[in-house]
file input-v3.csv (CSV, N, CA and C atoms)
chain,number,residue,atom,x,y,z
Q,1,MET,N,0.8,20.7,-5.3
Q,1,MET,CA,0.2,20.3,-4.1
Q,1,MET,C,0.6,18.9,-3.6
Q,2,THR,N,0.8,18.8,-2.4
Q,2,THR,CA,1.3,17.5,-1.8
Q,2,THR,C,0.1,16.5,-1.8
Q,3,GLU,N,0.4,15.3,-2.2
Q,3,GLU,CA,-0.6,14.2,-2.1
Q,3,GLU,C,-0.5,13.5,-0.8
Q,4,PHE,N,-1.6,13.4,-0.1
Q,4,PHE,CA,-1.7,12.7,1.2
Q,4,PHE,C,-3.2,12.3,1.3
Q,5,SER,N,-3.3,11.1,1.9
Q,5,SER,CA,-4.7,10.6,2.2
Q,5,SER,C,-4.6,9.7,3.4
Q,6,TYR,N,-5.8,9.6,4.0
Q,6,TYR,CA,-5.9,8.6,5.1
Q,6,TYR,C,-7.3,8.1,5.1
Q,7,ARG,N,-7.4,6.9,5.7
Q,7,ARG,CA,-8.7,6.2,5.8
Q,7,ARG,C,-8.8,5.7,7.2
Q,8,VAL,N,-10.0,5.8,7.8
Q,8,VAL,CA,-10.3,5.4,9.2
Q,8,VAL,C,-11.2,4.2,9.2
Q,9,THR,N,-10.8,3.1,9.9
Q,9,THR,CA,-11.7,2.0,10.1
Q,9,THR,C,-11.7,1.7,11.6
Q,10,VAL,N,-12.9,1.2,12.0
Q,10,VAL,CA,-13.1,0.9,13.4
Q,10,VAL,C,-13.3,-0.6,13.5
Q,11,ASP,N,-12.5,-1.3,14.4
Q,11,ASP,CA,-12.6,-2.7,14.6
Q,11,ASP,C,-12.8,-2.9,16.1
Q,12,GLY,N,-14.0,-3.1,16.5
Q,12,GLY,CA,-14.2,-3.2,18.0
Q,12,GLY,C,-14.0,-1.8,18.6
Q,13,GLY,N,-13.2,-1.8,19.6
Q,13,GLY,CA,-12.8,-0.5,20.2
Q,13,GLY,C,-11.6,0.1,19.6
Q,14,GLN,N,-11.0,-0.5,18.7
Q,14,GLN,CA,-9.7,-0.1,18.1
Q,14,GLN,C,-9.9,0.7,16.8
Q,15,VAL,N,-9.4,1.8,16.6
Q,15,VAL,CA,-9.4,2.6,15.4
Q,15,VAL,C,-8.1,2.5,14.7
Q,16,VAL,N,-8.2,2.1,13.4
Q,16,VAL,CA,-7.0,2.0,12.6
Q,16,VAL,C,-7.1,3.1,11.5
Q,17,VAL,N,-6.0,3.9,11.5
Q,17,VAL,CA,-5.9,5.0,10.5
Q,17,VAL,C,-4.8,4.6,9.5
Q,18,THR,N,-5.2,4.4,8.3
Q,18,THR,CA,-4.2,4.0,7.3
Q,18,THR,C,-3.9,5.2,6.4
Q,19,THR,N,-2.6,5.5,6.3
Q,19,THR,CA,-2.1,6.7,5.7
Q,19,THR,C,-1.4,6.3,4.3
Q,20,ALA,N,-1.3,7.4,3.5
Q,20,ALA,CA,-0.6,7.2,2.2
Q,20,ALA,C,-0.1,8.6,1.8
Q,21,GLY,N,1.1,8.7,1.3
Q,21,GLY,CA,1.6,9.9,0.7
Q,21,GLY,C,2.6,10.7,1.6
Q,22,ALA,N,2.6,12.0,1.4
Q,22,ALA,CA,3.6,12.9,2.1
Q,22,ALA,C,2.8,13.6,3.2
Q,23,LEU,N,3.3,13.5,4.4
Q,23,LEU,CA,2.7,14.1,5.6
Q,23,LEU,C,3.6,15.3,6.0
Q,24,ASP,N,3.2,16.5,5.5
Q,24,ASP,CA,4.1,17.6,5.7
Q,24,ASP,C,3.3,18.9,6.0
Q,25,ALA,N,4.0,20.1,5.9
Q,25,ALA,CA,3.3,21.3,6.3
Q,25,ALA,C,2.0,21.6,5.5
Q,26,HIS,N,1.9,21.0,4.3
Q,26,HIS,CA,0.7,21.3,3.6
Q,26,HIS,C,-0.5,20.4,4.0
Q,27,THR,N,-0.2,19.2,4.6
Q,27,THR,CA,-1.2,18.2,4.9
Q,27,THR,C,-1.3,17.9,6.4
Q,28,GLY,N,-0.3,18.3,7.1
Q,28,GLY,CA,-0.2,17.8,8.5
Q,28,GLY,C,-1.2,18.4,9.5
Q,29,ALA,N,-1.5,19.7,9.3
Q,29,ALA,CA,-2.4,20.4,10.3
Q,29,ALA,C,-3.8,19.7,10.3
Q,30,GLU,N,-4.3,19.5,9.1
Q,30,GLU,CA,-5.6,18.8,9.0
Q,30,GLU,C,-5.6,17.4,9.6
Q,31,PHE,N,-4.5,16.7,9.3
Q,31,PHE,CA,-4.4,15.3,9.8
Q,31,PHE,C,-4.2,15.4,11.3
Q,32,ARG,N,-3.5,16.3,11.8
Q,32,ARG,CA,-3.3,16.5,13.3
Q,32,ARG,C,-4.6,16.7,14.0
Q,33,ASP,N,-5.5,17.5,13.4
Q,33,ASP,CA,-6.8,17.8,14.0
Q,33,ASP,C,-7.7,16.6,13.9
Q,34,ALA,N,-7.6,15.8,12.8
Q,34,ALA,CA,-8.4,14.6,12.7
Q,34,ALA,C,-8.0,13.6,13.7
Q,35,LEU,N,-6.7,13.4,13.9
Q,35,LEU,CA,-6.1,12.4,14.9
Q,35,LEU,C,-6.5,12.8,16.3
Q,36,ALA,N,-6.4,14.1,16.6
Q,36,ALA,CA,-6.7,14.6,17.9
Q,36,ALA,C,-8.2,14.3,18.2
Q,37,GLU,N,-9.1,14.5,17.3
Q,37,GLU,CA,-10.5,14.2,17.5
Q,37,GLU,C,-10.7,12.7,17.7
Q,38,LEU,N,-10.1,11.9,16.9
Q,38,LEU,CA,-10.2,10.4,17.0
Q,38,LEU,C,-9.6,9.9,18.4
Q,39,ALA,N,-8.5,10.5,18.8
Q,39,ALA,CA,-7.9,10.1,20.0
Q,39,ALA,C,-8.7,10.5,21.2
Q,40,ALA,N,-9.4,11.6,21.1
Q,40,ALA,CA,-10.2,12.1,22.2
Q,40,ALA,C,-11.5,11.2,22.4
Q,41,ARG,N,-11.9,10.5,21.3
Q,41,ARG,CA,-13.1,9.7,21.4
Q,41,ARG,C,-12.9,8.2,21.5
Q,42,HIS,N,-11.7,7.7,21.2
Q,42,HIS,CA,-11.4,6.3,21.2
Q,42,HIS,C,-10.1,6.0,22.0
Q,43,ARG,N,-10.1,4.9,22.7
Q,43,ARG,CA,-9.0,4.5,23.6
Q,43,ARG,C,-7.8,3.9,22.8
Q,44,GLU,N,-8.1,3.2,21.8
Q,44,GLU,CA,-7.1,2.5,21.0
Q,44,GLU,C,-7.0,3.1,19.6
Q,45,LEU,N,-5.8,3.6,19.3
Q,45,LEU,CA,-5.6,4.2,18.0
Q,45,LEU,C,-4.4,3.6,17.4
Q,46,VAL,N,-4.5,3.0,16.2
Q,46,VAL,CA,-3.3,2.4,15.5
Q,46,VAL,C,-3.2,3.2,14.2
Q,47,LEU,N,-2.0,3.7,14.0
Q,47,LEU,CA,-1.6,4.4,12.8
Q,47,LEU,C,-0.8,3.5,11.9
Q,48,ASP,N,-1.4,3.1,10.8
Q,48,ASP,CA,-0.8,2.2,9.8
Q,48,ASP,C,-0.1,3.2,8.9
Q,49,VAL,N,1.2,3.3,9.0
Q,49,VAL,CA,2.0,4.3,8.3
Q,49,VAL,C,2.8,3.8,7.1
Q,50,ALA,N,2.5,2.5,6.7
Q,50,ALA,CA,3.3,1.9,5.6
Q,50,ALA,C,3.3,2.7,4.4
Q,51,GLY,N,2.2,3.4,4.1
Q,51,GLY,CA,2.1,4.2,2.8
Q,51,GLY,C,2.7,5.5,2.8
Q,52,LEU,N,3.2,6.0,4.0
Q,52,LEU,CA,3.9,7.3,4.0
Q,52,LEU,C,5.1,7.3,3.2
Q,53,THR,N,5.3,8.4,2.4
Q,53,THR,CA,6.5,8.5,1.6
Q,53,THR,C,7.5,9.6,2.2
Q,54,TYR,N,6.9,10.5,3.0
Q,54,TYR,CA,7.7,11.6,3.6
Q,54,TYR,C,6.9,12.1,4.8
Q,55,VAL,N,7.7,12.5,5.9
Q,55,VAL,CA,7.1,13.0,7.1
Q,55,VAL,C,8.1,14.1,7.5
Q,56,ASP,N,7.5,15.3,7.8
Q,56,ASP,CA,8.3,16.4,8.4
Q,56,ASP,C,7.9,16.7,9.8
Q,57,SER,N,8.3,17.8,10.4
Q,57,SER,CA,8.0,18.1,11.8
Q,57,SER,C,6.5,18.3,12.0
Q,58,THR,N,5.8,18.8,11.0
Q,58,THR,CA,4.4,18.9,11.1
Q,58,THR,C,3.7,17.6,11.2
Q,59,GLY,N,4.2,16.6,10.4
Q,59,GLY,CA,3.6,15.3,10.5
Q,59,GLY,C,3.9,14.6,11.9
Q,60,LEU,N,5.2,14.8,12.4
Q,60,LEU,CA,5.5,14.3,13.7
Q,60,LEU,C,4.6,14.9,14.8
Q,61,SER,N,4.3,16.2,14.6
Q,61,SER,CA,3.5,16.9,15.6
Q,61,SER,C,2.1,16.3,15.6
Q,62,ALA,N,1.6,15.8,14.5
Q,62,ALA,CA,0.3,15.1,14.5
Q,62,ALA,C,0.3,13.8,15.3
Q,63,PHE,N,1.4,13.1,15.2
Q,63,PHE,CA,1.6,11.9,16.1
Q,63,PHE,C,1.6,12.2,17.6
Q,64,ILE,N,2.4,13.3,17.9
Q,64,ILE,CA,2.5,13.7,19.3
Q,64,ILE,C,1.2,14.2,19.9
Q,65,THR,N,0.5,15.0,19.1
Q,65,THR,CA,-0.8,15.5,19.5
Q,65,THR,C,-1.8,14.3,19.8
Q,66,ALA,N,-1.8,13.4,18.9
Q,66,ALA,CA,-2.7,12.2,19.1
Q,66,ALA,C,-2.3,11.4,20.4
Q,67,HIS,N,-1.0,11.3,20.6
Q,67,HIS,CA,-0.6,10.6,21.8
Q,67,HIS,C,-1.0,11.3,23.0
Q,68,LYS,N,-0.9,12.6,23.0
Q,68,LYS,CA,-1.3,13.4,24.2
Q,68,LYS,C,-2.8,13.3,24.5
Q,69,HIS,N,-3.6,13.4,23.4
Q,69,HIS,CA,-5.0,13.3,23.6
Q,69,HIS,C,-5.4,11.9,24.1
Q,70,ALA,N,-4.8,10.9,23.6
Q,70,ALA,CA,-5.2,9.5,23.9
Q,70,ALA,C,-4.7,9.2,25.4
Q,71,THR,N,-3.5,9.5,25.7
Q,71,THR,CA,-3.0,9.2,27.1
Q,71,THR,C,-3.7,10.0,28.1
Q,72,ALA,N,-4.2,11.2,27.8
Q,72,ALA,CA,-5.0,12.0,28.8
Q,72,ALA,C,-6.3,11.3,29.2
Q,73,ARG,N,-6.7,10.4,28.3
Q,73,ARG,CA,-8.0,9.6,28.6
Q,73,ARG,C,-7.7,8.2,29.0
Q,74,GLY,N,-6.4,7.9,29.2
Q,74,GLY,CA,-6.0,6.5,29.6
Q,74,GLY,C,-5.9,5.6,28.4
Q,75,GLY,N,-5.8,6.2,27.2
Q,75,GLY,CA,-5.7,5.4,26.0
Q,75,GLY,C,-4.3,5.3,25.5
Q,76,ARG,N,-4.1,4.9,24.2
Q,76,ARG,CA,-2.8,4.8,23.6
Q,76,ARG,C,-2.9,4.9,22.1
Q,77,VAL,N,-1.7,5.4,21.6
Q,77,VAL,CA,-1.5,5.4,20.1
Q,77,VAL,C,-0.4,4.5,19.8
Q,78,ARG,N,-0.5,3.7,18.8
Q,78,ARG,CA,0.6,2.8,18.4
Q,78,ARG,C,0.8,3.0,16.9
Q,79,LEU,N,2.0,2.8,16.4
Q,79,LEU,CA,2.3,2.8,15.0
Q,79,LEU,C,2.4,1.4,14.5
Q,80,SER,N,2.0,1.2,13.2
Q,80,SER,CA,2.1,-0.1,12.6
Q,80,SER,C,2.7,0.0,11.2
Q,81,ARG,N,3.5,-1.0,10.9
Q,81,ARG,CA,4.1,-1.1,9.5
Q,81,ARG,C,4.9,0.2,9.2
Q,82,VAL,N,5.8,0.5,10.1
Q,82,VAL,CA,6.6,1.7,10.0
Q,82,VAL,C,7.7,1.5,8.9
Q,83,PRO,N,7.8,2.4,7.9
Q,83,PRO,CA,8.8,2.3,6.9
Q,83,PRO,C,10.2,2.7,7.5
Q,84,PRO,N,11.3,2.2,6.9
Q,84,PRO,CA,12.6,2.4,7.5
Q,84,PRO,C,12.9,3.9,7.7
Q,85,PHE,N,12.6,4.8,6.7
Q,85,PHE,CA,12.9,6.2,6.9
Q,85,PHE,C,12.2,6.8,8.1
Q,86,LEU,N,11.0,6.3,8.4
Q,86,LEU,CA,10.2,6.9,9.5
Q,86,LEU,C,10.8,6.3,10.8
Q,87,ALA,N,11.2,5.0,10.8
Q,87,ALA,CA,11.8,4.4,12.0
Q,87,ALA,C,13.0,5.2,12.4
Q,88,ARG,N,13.9,5.5,11.4
Q,88,ARG,CA,15.1,6.3,11.7
Q,88,ARG,C,14.7,7.7,12.3
Q,89,LEU,N,13.7,8.3,11.7
Q,89,LEU,CA,13.3,9.7,12.2
Q,89,LEU,C,12.7,9.6,13.6
Q,90,LEU,N,12.0,8.6,13.9
Q,90,LEU,CA,11.4,8.4,15.2
Q,90,LEU,C,12.6,8.2,16.2
Q,91,ALA,N,13.6,7.4,15.8
Q,91,ALA,CA,14.7,7.1,16.7
Q,91,ALA,C,15.6,8.4,16.9
Q,92,VAL,N,15.8,9.1,15.9
Q,92,VAL,CA,16.7,10.3,16.0
Q,92,VAL,C,16.0,11.4,16.9
Q,93,THR,N,14.7,11.5,16.8
Q,93,THR,CA,13.9,12.5,17.5
Q,93,THR,C,13.5,12.0,18.9
Q,94,GLY,N,13.7,10.7,19.2
Q,94,GLY,CA,13.3,10.2,20.5
Q,94,GLY,C,11.9,9.9,20.6
Q,95,LEU,N,11.1,10.0,19.6
Q,95,LEU,CA,9.7,9.8,19.7
Q,95,LEU,C,9.4,8.3,19.8
Q,96,ASN,N,10.3,7.4,19.4
Q,96,ASN,CA,10.1,6.0,19.6
Q,96,ASN,C,10.1,5.6,21.1
Q,97,SER,N,10.5,6.5,22.0
Q,97,SER,CA,10.4,6.2,23.4
Q,97,SER,C,9.0,6.2,23.9
Q,98,PHE,N,8.1,6.9,23.3
Q,98,PHE,CA,6.7,6.9,23.8
Q,98,PHE,C,5.6,6.6,22.7
Q,99,LEU,N,6.1,6.4,21.5
Q,99,LEU,CA,5.1,5.9,20.4
Q,99,LEU,C,5.5,4.5,20.0
Q,100,PRO,N,4.9,3.5,20.7
Q,100,PRO,CA,5.2,2.1,20.4
Q,100,PRO,C,4.9,1.7,19.0
Q,101,VAL,N,5.8,0.8,18.5
Q,101,VAL,CA,5.6,0.3,17.1
Q,101,VAL,C,5.1,-1.2,17.3
Q,102,LEU,N,4.0,-1.5,16.6
Q,102,LEU,CA,3.6,-2.9,16.6
Q,102,LEU,C,4.5,-3.7,15.7
Q,103,ARG,N,4.8,-4.8,16.1
Q,103,ARG,CA,5.7,-5.7,15.3
Q,103,ARG,C,4.9,-6.7,14.6
call {"tool": "encode", "arguments": {"input": "input-v3.csv", "output": "structure tokens"}}
result
Amino acid sequence: MTEFSYRVTVDGGQVVVTTAGALDAHTGAEFRDALAELAARHRELVLDVAGLTYVDSTGLSAFITAHKHATARGGRVRLSRVPPFLARLLAVTGLNSFLPVLR
């Protein structure tokens, strides 16, 4: 079984979701649903993805779903501490055009 975990902290109006492990077909659907719920309730969502070791299309769909839910309410989703492999994946897929990365 794939190891994946996340932790949610709230700082003011901003929600930070800290991730660790592999975000794939075995773990992505549950994470996608959790992010969608958070994005529907909070305007500012930051995904700290430094701990991710692998991301497949299911994981990317979790980011996209969160973005859609947040922007529908005038909010936003931003990525933080993006590892090099994920930065390349975001660039190749074009997701970096609407998922901003905090520097």
call {"tool": "select_by_dssp", "arguments": {"input": "input-v3.csv", "residues": "range 20-81 of chain Q", "states": "strand (DSSP E)", "output": "PyMOL selection string"}}
result
chain Q and resi 20-23+44-55+76-80
call {"tool": "closest_residue", "arguments": {"input": "input-v3.csv", "among": "Q:Arg41, Q:Thr71, Q:Arg81, Q:Gly51", "to": "Ala22 in chain Q", "atoms": "all atoms listed in the file"}}
result
Q:Gly51
call {"tool": "select_by_dssp", "arguments": {"input": "input-v3.csv", "residues": "range 1-52 of chain Q", "states": "alpha helix (DSSP H)", "output": "list of chain:residue names"}}
result
Q:Gly28, Q:Ala29, Q:Glu30, Q:Phe31, Q:Arg32, Q:Asp33, Q:Ala34, Q:Leu35, Q:Ala36, Q:Glu37, Q:Leu38, Q:Ala39, Q:Ala40, Q:Arg41
call {"tool": "residues_around", "arguments": {"input": "input-v3.csv", "residues": "Ala66 in chain Q", "least_positions_apart": "5", "cutoff": "12 Å", "atoms": "only C-alpha atoms", "output": "ChimeraX atom specification"}}
result
/Q:17,31-47,59-61,71-73,75-79,98-99
call {"tool": "atom_distance", "arguments": {"input": "input-v3.csv", "atom1": "atom C of Phe4 in chain Q", "atom2": "atom N of Gly21 in chain Q"}}
result
5.6 Å
call {"tool": "atom_distance", "arguments": {"input": "input-v3.csv", "atom1": "CA of Arg103 in chain Q", "atom2": "atom C of Val15 in chain Q"}}
result
16.1 Å
call {"tool": "atom_distance", "arguments": {"input": "input-v3.csv", "atom1": "CA of Thr18 in chain Q", "atom2": "CA of Ala91 in chain Q"}}
result
21.3 Å
call {"tool": "residues_around", "arguments": {"input": "input-v3.csv", "residues": "Ala50 in chain Q", "least_positions_apart": "4", "cutoff": "8 Å", "atoms": "only C-alpha atoms", "output": "ChimeraX atom specification"}}
result
/Q:18-20,80-83
call {"tool": "write_last_selection", "arguments": {"input": "input-v3.csv", "atoms": "N, CA and C atoms", "output": "PDB file, in the coordinates of the input"}}
result
ATOM      1  N   THR Q  18      -5.200   4.400   8.300  1.00  0.00           N
ATOM      2  CA  THR Q  18      -4.200   4.000   7.300  1.00  0.00           C
ATOM      3  C   THR Q  18      -3.900   5.200   6.400  1.00  0.00           C
ATOM      4  N   THR Q  19      -2.600   5.500   6.300  1.00  0.00           N
ATOM      5  CA  THR Q  19      -2.100   6.700   5.700  1.00  0.00           C
ATOM      6  C   THR Q  19      -1.400   6.300   4.300  1.00  0.00           C
ATOM      7  N   ALA Q  20      -1.300   7.400   3.500  1.00  0.00           N
ATOM      8  CA  ALA Q  20      -0.600   7.200   2.200  1.00  0.00           C
ATOM      9  C   ALA Q  20      -0.100   8.600   1.800  1.00  0.00           C
ATOM     10  N   SER Q  80       2.000   1.200  13.200  1.00  0.00           N
ATOM     11  CA  SER Q  80       2.100  -0.100  12.600  1.00  0.00           C
ATOM     12  C   SER Q  80       2.700   0.000  11.200  1.00  0.00           C
ATOM     13  N   ARG Q  81       3.500  -1.000  10.900  1.00  0.00           N
ATOM     14  CA  ARG Q  81       4.100  -1.100   9.500  1.00  0.00           C
ATOM     15  C   ARG Q  81       4.900   0.200   9.200  1.00  0.00           C
ATOM     16  N   VAL Q  82       5.800   0.500  10.100  1.00  0.00           N
ATOM     17  CA  VAL Q  82       6.600   1.700  10.000  1.00  0.00           C
ATOM     18  C   VAL Q  82       7.700   1.500   8.900  1.00  0.00           C
ATOM     19  N   PRO Q  83       7.800   2.400   7.900  1.00  0.00           N
ATOM     20  CA  PRO Q  83       8.800   2.300   6.900  1.00  0.00           C
ATOM     21  C   PRO Q  83      10.200   2.700   7.500  1.00  0.00           C
TER      22      PRO Q  83
END
